[in-house]
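Remarks on the structure that follows.
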Amino acid sequence: MSRAVTNNPGNPASAPLAAPDIRAQFATARAAGKRAKEAAESLGLSEGAAVAAHAGEHGHPLKAVPLQGSWLEMLQALEACGPLMALTRNEGVVHEKTGIYTNVSATGPVGIALGEDIDLRLFFAQWHAGFAVTELANDPARPPSRSLQFYNASGRAVHKIFTREATDLAAFDAVVSRFAQPSAGYVFGKAPAPEAVRPDPDIDADGLREAWGAMQDTHEFFGLTRKFGVERQQSFRLVEGQFAWRAEPQAVSRLLDEAAVDGLPIMVFVGSGGCIQIHTGPVRNIKPLDTPHAQWINVLDAGFNLHLRTDMVASVWVVEKPTADGVVTSVEAFDHAGELMAMFFGARKPGKPELQGWRDLVARLPQAQQDEVVHAA
């Protein structure tokens with residue numbers, strides 16, 4: 001039985017689309033070259049709502065089987081599948097890493113994957129729905145795409161997992177069969193409004209700077225922002241000149257280019273709200289790409305791809321956090337909505353100081369000009 005899909009953020013005043021209409025229009029948009037997220041949004045839907053409409057029997061290229069159960073157990077079961085491609089994205093960045101899901105565990109709703117290549121921080125409270133998705137390629141000579149896709153309550157993708165040529169498909173099918181729940185009937189709602197940022201004068205800036213200087217571990221930063229009720233970029237602004245500096249938006253491209261030239265191992269963090277995905281190691285093949293609608297900087301390496309929209313970068317910060325092992329320096333890029341796009345660090349093991357090569361690279365990044373700083377503030 002077909003049901004109407006009510007999630008319609010792009011055009012909330014319009015009547016809900018029925019599932020058959022979504023399938024037909026989505027297939028047309030995909031055949032025209034739109035990415036899945038863009039195809040869904042062209043229908044006024046979140047990606048999760050569009051995928052959910054493809055459950056059940058039908059003849060369209062994309063088919064979705066709802067999944068249910070322990071997300072942790074599902075990810076742990078993937079180890080038997082061998083190499084898979086993990087994908088985590090936000091509005092402006094896509095992070096793709098191929099490897100095996102190993103050492104997956106959780107404490108309450110917070111999980112972690114610590115494989116050699118698949119390195120994730122998992123926030124299961126944000127995982128509302130899951131689907132096993134099979135989609136035929138536009139080119140009939142290519143095999144269909146097979147994936148597990150997970151969405152938050154507003155239909156935003158929090159994590160996706162794709163089969164690769166070396167994947168054990170029988171083991172993958174066994175995971176899907178174990179967790180399939182065709183009657184799950186996932187429904188998505190509107191995304192909550194972002195939390196209002198407190199005015200700067202309401203923040204104890206002196207206390208913030210003192211607590212910042214006393215940090216012994218980078219993981220203390222999240223608790224520090226909660227204690228002082230300060231938004232991330234706001235905290236940088238309030239310690240600017242002491243622990244944080246502004247760089248020019250093109251600093252991200254410069255960072256990747258120079259890391260590739262130097263052969264410097266770096267860490268690249270990209271988060272979706274429900275998952276943070278991390279690459280640790282060198283980057284080698286850096287390729288810019290300009291299209292009529294977007295400008296990208298890409299890392300196209302074996303086992304690791306990064307696609308970052310440079311035209312969406314509104315601000316870049318160089319941030320220093322004291323730790324027991326010495327100062328740890330990050331470069332953090334934000335979009336025009338103030339959302340964190342990506343974070344970059346020098347590769348580092350706990351108990352080891354930061355690489356001097358990373359500090360030297362960061363010191364060479366172009367700083368924002370003073371008039372840009374005044375305008376941004």
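Chain lettering (A, B, ...) mirrors the order of the structure tokens, residue numbering begins at 1 for each chain separately, and ligand numbering begins at 1 in order of display.
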
Within 7 Å of range 264-277 of chain A, which residues of range 71-164 of chain A show up? Give each one with its shortest atom-to-atom distance in Å (one decimal) and the two atoms involved, counting only C-alpha atoms, rows by chain then rising residue number, as CSV.
```
residue,atom,partner,partner_atom,distance
A:Thr88,CA,A:Gln277,CA,6.2
A:Arg89,CA,A:Ser272,CA,5.5
A:Asn90,CA,A:Ser272,CA,5.1
A:His95,CA,A:Val270,CA,6.5
A:Asp119,CA,A:Gln277,CA,6.1
A:Leu120,CA,A:Gln277,CA,4.7
A:Arg121,CA,A:Ile276,CA,5.0
A:Leu122,CA,A:Cys275,CA,4.6
A:Phe123,CA,A:Gly274,CA,4.8
A:Phe124,CA,A:Gly274,CA,6.5
A:Gln126,CA,A:Gly274,CA,5.1
A:Trp127,CA,A:Gly274,CA,6.5
A:Val158,CA,A:Gly274,CA,5.0
A:His159,CA,A:Cys275,CA,6.6
```

Exercise. Can you list every residue in range 159-197 of chain A that DSSP puts in alpha helix (DSSP H), as a list in words?
Worked result: Leu169, Ala170, Ala171, Phe172, Asp173, Ala174, Val175, Val176, Ser177, Arg178 and Phe179 of chain A

Keeping only N, CA and C atoms, take the residues you just selected and write them out as an mmCIF file, in the first residue's frame.
```cif
data_model
loop_
_atom_site.group_PDB
_atom_site.id
_atom_site.type_symbol
_atom_site.label_atom_id
_atom_site.label_comp_id
_atom_site.auth_asym_id
_atom_site.auth_seq_id
_atom_site.Cartn_x
_atom_site.Cartn_y
_atom_site.Cartn_z
ATOM 1 N N LEU A 169 29.974 -10.161 -0.370
ATOM 2 C CA LEU A 169 28.562 -9.813 -0.546
ATOM 3 C C LEU A 169 27.638 -10.779 0.190
ATOM 4 N N ALA A 170 28.047 -12.022 0.332
ATOM 5 C CA ALA A 170 27.217 -12.972 1.085
ATOM 6 C C ALA A 170 27.137 -12.542 2.548
ATOM 7 N N ALA A 171 28.246 -12.115 3.103
ATOM 8 C CA ALA A 171 28.241 -11.626 4.485
ATOM 9 C C ALA A 171 27.425 -10.341 4.597
ATOM 10 N N PHE A 172 27.521 -9.476 3.585
ATOM 11 C CA PHE A 172 26.735 -8.239 3.574
ATOM 12 C C PHE A 172 25.241 -8.565 3.534
ATOM 13 N N ASP A 173 24.850 -9.493 2.677
ATOM 14 C CA ASP A 173 23.441 -9.910 2.599
ATOM 15 C C ASP A 173 22.962 -10.480 3.927
ATOM 16 N N ALA A 174 23.841 -11.189 4.623
ATOM 17 C CA ALA A 174 23.459 -11.772 5.909
ATOM 18 C C ALA A 174 23.187 -10.674 6.939
ATOM 19 N N VAL A 175 23.970 -9.602 6.905
ATOM 20 C CA VAL A 175 23.724 -8.478 7.818
ATOM 21 C C VAL A 175 22.382 -7.837 7.505
ATOM 22 N N VAL A 176 22.112 -7.613 6.214
ATOM 23 C CA VAL A 176 20.833 -7.018 5.821
ATOM 24 C C VAL A 176 19.676 -7.896 6.272
ATOM 25 N N SER A 177 19.775 -9.190 6.036
ATOM 26 C CA SER A 177 18.688 -10.113 6.430
ATOM 27 C C SER A 177 18.473 -10.108 7.936
ATOM 28 N N ARG A 178 19.555 -10.034 8.688
ATOM 29 C CA ARG A 178 19.462 -10.076 10.155
ATOM 30 C C ARG A 178 18.727 -8.859 10.709
ATOM 31 N N PHE A 179 18.944 -7.693 10.094
ATOM 32 C CA PHE A 179 18.392 -6.465 10.662
ATOM 33 C C PHE A 179 17.233 -5.880 9.854
#
```

For this session: Once DSSP has gone over the backbone, tell me which residues of range 47-116 of chain A are in strand (DSSP E), as a PyMOL selection string.
Result: chain A and resi 62-67+84-89+93-99+104-107+110-114

List the spatial neighbours of range 250-252 of chain A as an mmCIF file with all heavy atoms, in the first residue's frame - criterion: any atom at most 9 Å away, only C-alpha atoms, same-chain residues fewer than 3 positions off excluded.
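Written file, result_35.cif:
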```cif
data_model
loop_
_atom_site.group_PDB
_atom_site.id
_atom_site.type_symbol
_atom_site.label_atom_id
_atom_site.label_comp_id
_atom_site.auth_asym_id
_atom_site.auth_seq_id
_atom_site.Cartn_x
_atom_site.Cartn_y
_atom_site.Cartn_z
ATOM 1 N N ALA A 247 42.256 32.744 9.527
ATOM 2 C CA ALA A 247 42.963 32.565 8.271
ATOM 3 C C ALA A 247 42.018 32.892 7.124
ATOM 4 O O ALA A 247 40.797 32.972 7.309
ATOM 5 C CB ALA A 247 43.492 31.132 8.145
ATOM 6 N N LEU A 255 46.459 24.362 2.614
ATOM 7 C CA LEU A 255 46.841 23.333 3.577
ATOM 8 C C LEU A 255 46.978 21.980 2.890
ATOM 9 O O LEU A 255 47.985 21.275 3.069
ATOM 10 C CB LEU A 255 45.797 23.277 4.688
ATOM 11 C CG LEU A 255 45.984 22.322 5.867
ATOM 12 C CD1 LEU A 255 45.150 22.806 7.050
ATOM 13 C CD2 LEU A 255 45.566 20.894 5.534
ATOM 14 N N LEU A 256 45.989 21.595 2.099
ATOM 15 C CA LEU A 256 46.025 20.285 1.447
ATOM 16 C C LEU A 256 47.143 20.221 0.421
ATOM 17 O O LEU A 256 47.853 19.209 0.317
ATOM 18 C CB LEU A 256 44.666 19.999 0.794
ATOM 19 C CG LEU A 256 43.511 19.758 1.771
ATOM 20 C CD1 LEU A 256 42.180 19.732 1.026
ATOM 21 C CD2 LEU A 256 43.709 18.451 2.541
ATOM 22 N N ASP A 257 47.323 21.295 -0.348
ATOM 23 C CA ASP A 257 48.400 21.319 -1.338
ATOM 24 C C ASP A 257 49.763 21.147 -0.666
ATOM 25 O O ASP A 257 50.605 20.363 -1.117
ATOM 26 C CB ASP A 257 48.370 22.636 -2.116
ATOM 27 C CG ASP A 257 47.257 22.685 -3.157
ATOM 28 O OD1 ASP A 257 46.821 21.608 -3.598
ATOM 29 O OD2 ASP A 257 46.832 23.797 -3.523
ATOM 30 N N ILE A 297 37.623 21.476 -3.790
ATOM 31 C CA ILE A 297 38.971 20.942 -3.659
ATOM 32 C C ILE A 297 38.804 19.477 -3.281
ATOM 33 O O ILE A 297 37.998 19.145 -2.388
ATOM 34 C CB ILE A 297 39.831 21.713 -2.627
ATOM 35 C CG1 ILE A 297 41.285 21.264 -2.704
ATOM 36 C CG2 ILE A 297 39.288 21.592 -1.221
ATOM 37 C CD1 ILE A 297 42.006 21.768 -3.924
ATOM 38 N N THR A 310 34.866 24.684 -1.734
ATOM 39 C CA THR A 310 35.586 25.876 -1.300
ATOM 40 C C THR A 310 34.725 27.131 -1.386
ATOM 41 O O THR A 310 34.951 28.087 -0.643
ATOM 42 C CB THR A 310 36.856 26.065 -2.140
ATOM 43 O OG1 THR A 310 36.515 26.052 -3.540
ATOM 44 C CG2 THR A 310 37.846 24.941 -1.859
ATOM 45 N N VAL A 313 33.078 27.938 1.982
ATOM 46 C CA VAL A 313 33.892 28.282 3.148
ATOM 47 C C VAL A 313 33.749 29.767 3.440
ATOM 48 O O VAL A 313 34.113 30.616 2.624
ATOM 49 C CB VAL A 313 35.370 27.936 2.917
ATOM 50 C CG1 VAL A 313 36.203 28.354 4.125
ATOM 51 C CG2 VAL A 313 35.537 26.441 2.653
ATOM 52 N N VAL A 316 37.794 30.533 8.349
ATOM 53 C CA VAL A 316 38.758 29.510 8.740
ATOM 54 C C VAL A 316 39.496 30.017 9.972
ATOM 55 O O VAL A 316 39.935 31.174 10.011
ATOM 56 C CB VAL A 316 39.759 29.203 7.608
ATOM 57 C CG1 VAL A 316 40.810 28.196 8.073
ATOM 58 C CG2 VAL A 316 39.041 28.676 6.366
ATOM 59 N N VAL A 331 43.073 23.425 12.311
ATOM 60 C CA VAL A 331 42.581 24.383 11.331
ATOM 61 C C VAL A 331 41.136 23.996 11.059
ATOM 62 O O VAL A 331 40.864 22.856 10.665
ATOM 63 C CB VAL A 331 43.421 24.356 10.044
ATOM 64 C CG1 VAL A 331 42.836 25.312 9.003
ATOM 65 C CG2 VAL A 331 44.875 24.714 10.348
ATOM 66 N N GLU A 332 40.207 24.923 11.294
ATOM 67 C CA GLU A 332 38.784 24.598 11.261
ATOM 68 C C GLU A 332 38.066 25.505 10.277
ATOM 69 O O GLU A 332 38.202 26.730 10.332
ATOM 70 C CB GLU A 332 38.186 24.727 12.666
ATOM 71 C CG GLU A 332 38.985 23.939 13.702
ATOM 72 C CD GLU A 332 38.304 23.806 15.055
ATOM 73 O OE1 GLU A 332 37.096 24.122 15.149
ATOM 74 O OE2 GLU A 332 38.980 23.388 16.014
ATOM 75 N N ALA A 333 37.292 24.900 9.373
ATOM 76 C CA ALA A 333 36.577 25.634 8.331
ATOM 77 C C ALA A 333 35.082 25.620 8.623
ATOM 78 O O ALA A 333 34.513 24.573 8.976
ATOM 79 C CB ALA A 333 36.844 25.004 6.967
ATOM 80 N N PHE A 344 41.193 20.010 10.596
ATOM 81 C CA PHE A 344 42.464 19.421 10.180
ATOM 82 C C PHE A 344 43.464 19.522 11.326
ATOM 83 O O PHE A 344 43.571 20.558 11.982
ATOM 84 C CB PHE A 344 43.014 20.147 8.952
ATOM 85 C CG PHE A 344 42.077 20.160 7.774
ATOM 86 C CD1 PHE A 344 41.124 21.159 7.647
ATOM 87 C CD2 PHE A 344 42.150 19.179 6.803
ATOM 88 C CE1 PHE A 344 40.253 21.179 6.560
ATOM 89 C CE2 PHE A 344 41.291 19.184 5.714
ATOM 90 C CZ PHE A 344 40.332 20.192 5.596
ATOM 91 N N LEU A 365 50.129 29.432 6.502
ATOM 92 C CA LEU A 365 48.806 29.680 5.941
ATOM 93 C C LEU A 365 48.503 31.174 5.934
ATOM 94 O O LEU A 365 48.867 31.897 6.857
ATOM 95 C CB LEU A 365 47.732 28.930 6.742
ATOM 96 C CG LEU A 365 47.816 27.402 6.720
ATOM 97 C CD1 LEU A 365 46.723 26.802 7.598
ATOM 98 C CD2 LEU A 365 47.722 26.862 5.296
ATOM 99 N N PRO A 366 47.791 31.655 4.896
ATOM 100 C CA PRO A 366 47.498 33.089 4.812
ATOM 101 C C PRO A 366 46.515 33.522 5.893
ATOM 102 O O PRO A 366 45.421 32.964 6.009
ATOM 103 C CB PRO A 366 46.896 33.253 3.415
ATOM 104 C CG PRO A 366 46.354 31.893 3.067
ATOM 105 C CD PRO A 366 47.265 30.908 3.734
ATOM 106 N N GLN A 367 46.921 34.493 6.696
ATOM 107 C CA GLN A 367 46.031 35.018 7.728
ATOM 108 C C GLN A 367 45.046 36.004 7.122
ATOM 109 O O GLN A 367 45.336 36.663 6.122
ATOM 110 C CB GLN A 367 46.836 35.693 8.839
ATOM 111 C CG GLN A 367 47.682 34.738 9.650
ATOM 112 C CD GLN A 367 48.246 35.390 10.902
ATOM 113 O OE1 GLN A 367 47.840 36.484 11.280
ATOM 114 N NE2 GLN A 367 49.184 34.708 11.545
#
```

Can you pull out the residues contacting Gly346 in chain A? Cut-off 10 Å, using only C-alpha atoms, and skip same-chain residues under 5 positions away; I want them as a compact mmCIF listing (two decimals) with N, CA, C and O atoms, in the first residue's frame.
```txt
# COMPACT_ATOMS: atom_id res chain seq x y z
N ALA A 259 50.48 19.99 2.39
CA ALA A 259 50.63 18.69 3.05
C ALA A 259 51.01 17.62 2.03
O ALA A 259 51.82 16.73 2.31
N LEU A 264 53.33 15.20 4.40
CA LEU A 264 53.06 15.31 5.84
C LEU A 264 51.79 14.56 6.21
O LEU A 264 50.72 14.81 5.63
N PRO A 265 51.82 13.63 7.15
CA PRO A 265 50.59 12.96 7.57
C PRO A 265 49.71 13.90 8.38
O PRO A 265 50.20 14.58 9.29
N ILE A 266 48.45 13.96 8.02
CA ILE A 266 47.51 14.85 8.69
C ILE A 266 46.29 14.05 9.13
O ILE A 266 46.12 12.88 8.78
N MET A 267 45.43 14.70 9.91
CA MET A 267 44.14 14.13 10.30
C MET A 267 43.05 15.04 9.74
O MET A 267 43.13 16.26 9.86
N VAL A 268 42.03 14.43 9.13
CA VAL A 268 40.92 15.17 8.55
C VAL A 268 39.64 14.67 9.19
O VAL A 268 39.28 13.50 9.04
N THR A 280 43.53 9.56 8.91
CA THR A 280 44.87 9.85 9.41
C THR A 280 45.88 9.30 8.43
O THR A 280 45.86 8.11 8.11
N GLY A 281 46.76 10.17 7.96
CA GLY A 281 47.78 9.74 7.03
C GLY A 281 48.09 10.85 6.04
O GLY A 281 47.57 11.95 6.13
N PRO A 282 48.93 10.56 5.07
CA PRO A 282 49.25 11.58 4.06
C PRO A 282 48.09 11.78 3.10
O PRO A 282 47.17 10.96 3.03
N VAL A 328 48.21 21.55 20.87
CA VAL A 328 47.68 20.86 19.69
C VAL A 328 46.97 21.91 18.84
O VAL A 328 46.10 22.63 19.32
N THR A 329 47.33 21.98 17.57
CA THR A 329 46.84 23.01 16.66
C THR A 329 45.87 22.42 15.65
O THR A 329 46.17 21.40 15.01
N SER A 330 44.72 23.05 15.50
CA SER A 330 43.75 22.63 14.49
C SER A 330 43.49 23.78 13.52
O SER A 330 43.67 24.95 13.86
N VAL A 331 43.07 23.42 12.31
CA VAL A 331 42.58 24.38 11.33
C VAL A 331 41.14 24.00 11.06
O VAL A 331 40.86 22.86 10.67
N GLU A 354 52.96 17.33 19.11
CA GLU A 354 52.54 17.64 17.75
C GLU A 354 53.75 17.71 16.81
O GLU A 354 54.83 18.13 17.20
N LEU A 355 53.55 17.29 15.56
CA LEU A 355 54.62 17.33 14.58
C LEU A 355 55.05 18.77 14.30
O LEU A 355 54.21 19.64 14.04
N GLN A 356 56.35 19.01 14.31
CA GLN A 356 56.84 20.34 14.00
C GLN A 356 56.52 20.71 12.55
O GLN A 356 56.24 21.88 12.23
N GLY A 357 56.52 19.72 11.67
CA GLY A 357 56.18 19.99 10.27
C GLY A 357 54.77 20.52 10.12
O GLY A 357 54.50 21.37 9.25
N TRP A 358 53.85 20.03 10.95
CA TRP A 358 52.48 20.54 10.93
C TRP A 358 52.43 21.98 11.42
O TRP A 358 51.78 22.84 10.81
N ARG A 359 53.14 22.27 12.48
CA ARG A 359 53.16 23.65 12.99
C ARG A 359 53.76 24.61 11.95
O ARG A 359 53.28 25.73 11.77
N LEU A 361 53.71 24.19 8.69
CA LEU A 361 52.72 24.34 7.61
C LEU A 361 51.65 25.35 8.01
O LEU A 361 51.30 26.25 7.23
N VAL A 362 51.11 25.20 9.21
CA VAL A 362 50.05 26.11 9.67
C VAL A 362 50.55 27.54 9.73
O VAL A 362 49.83 28.49 9.38
```
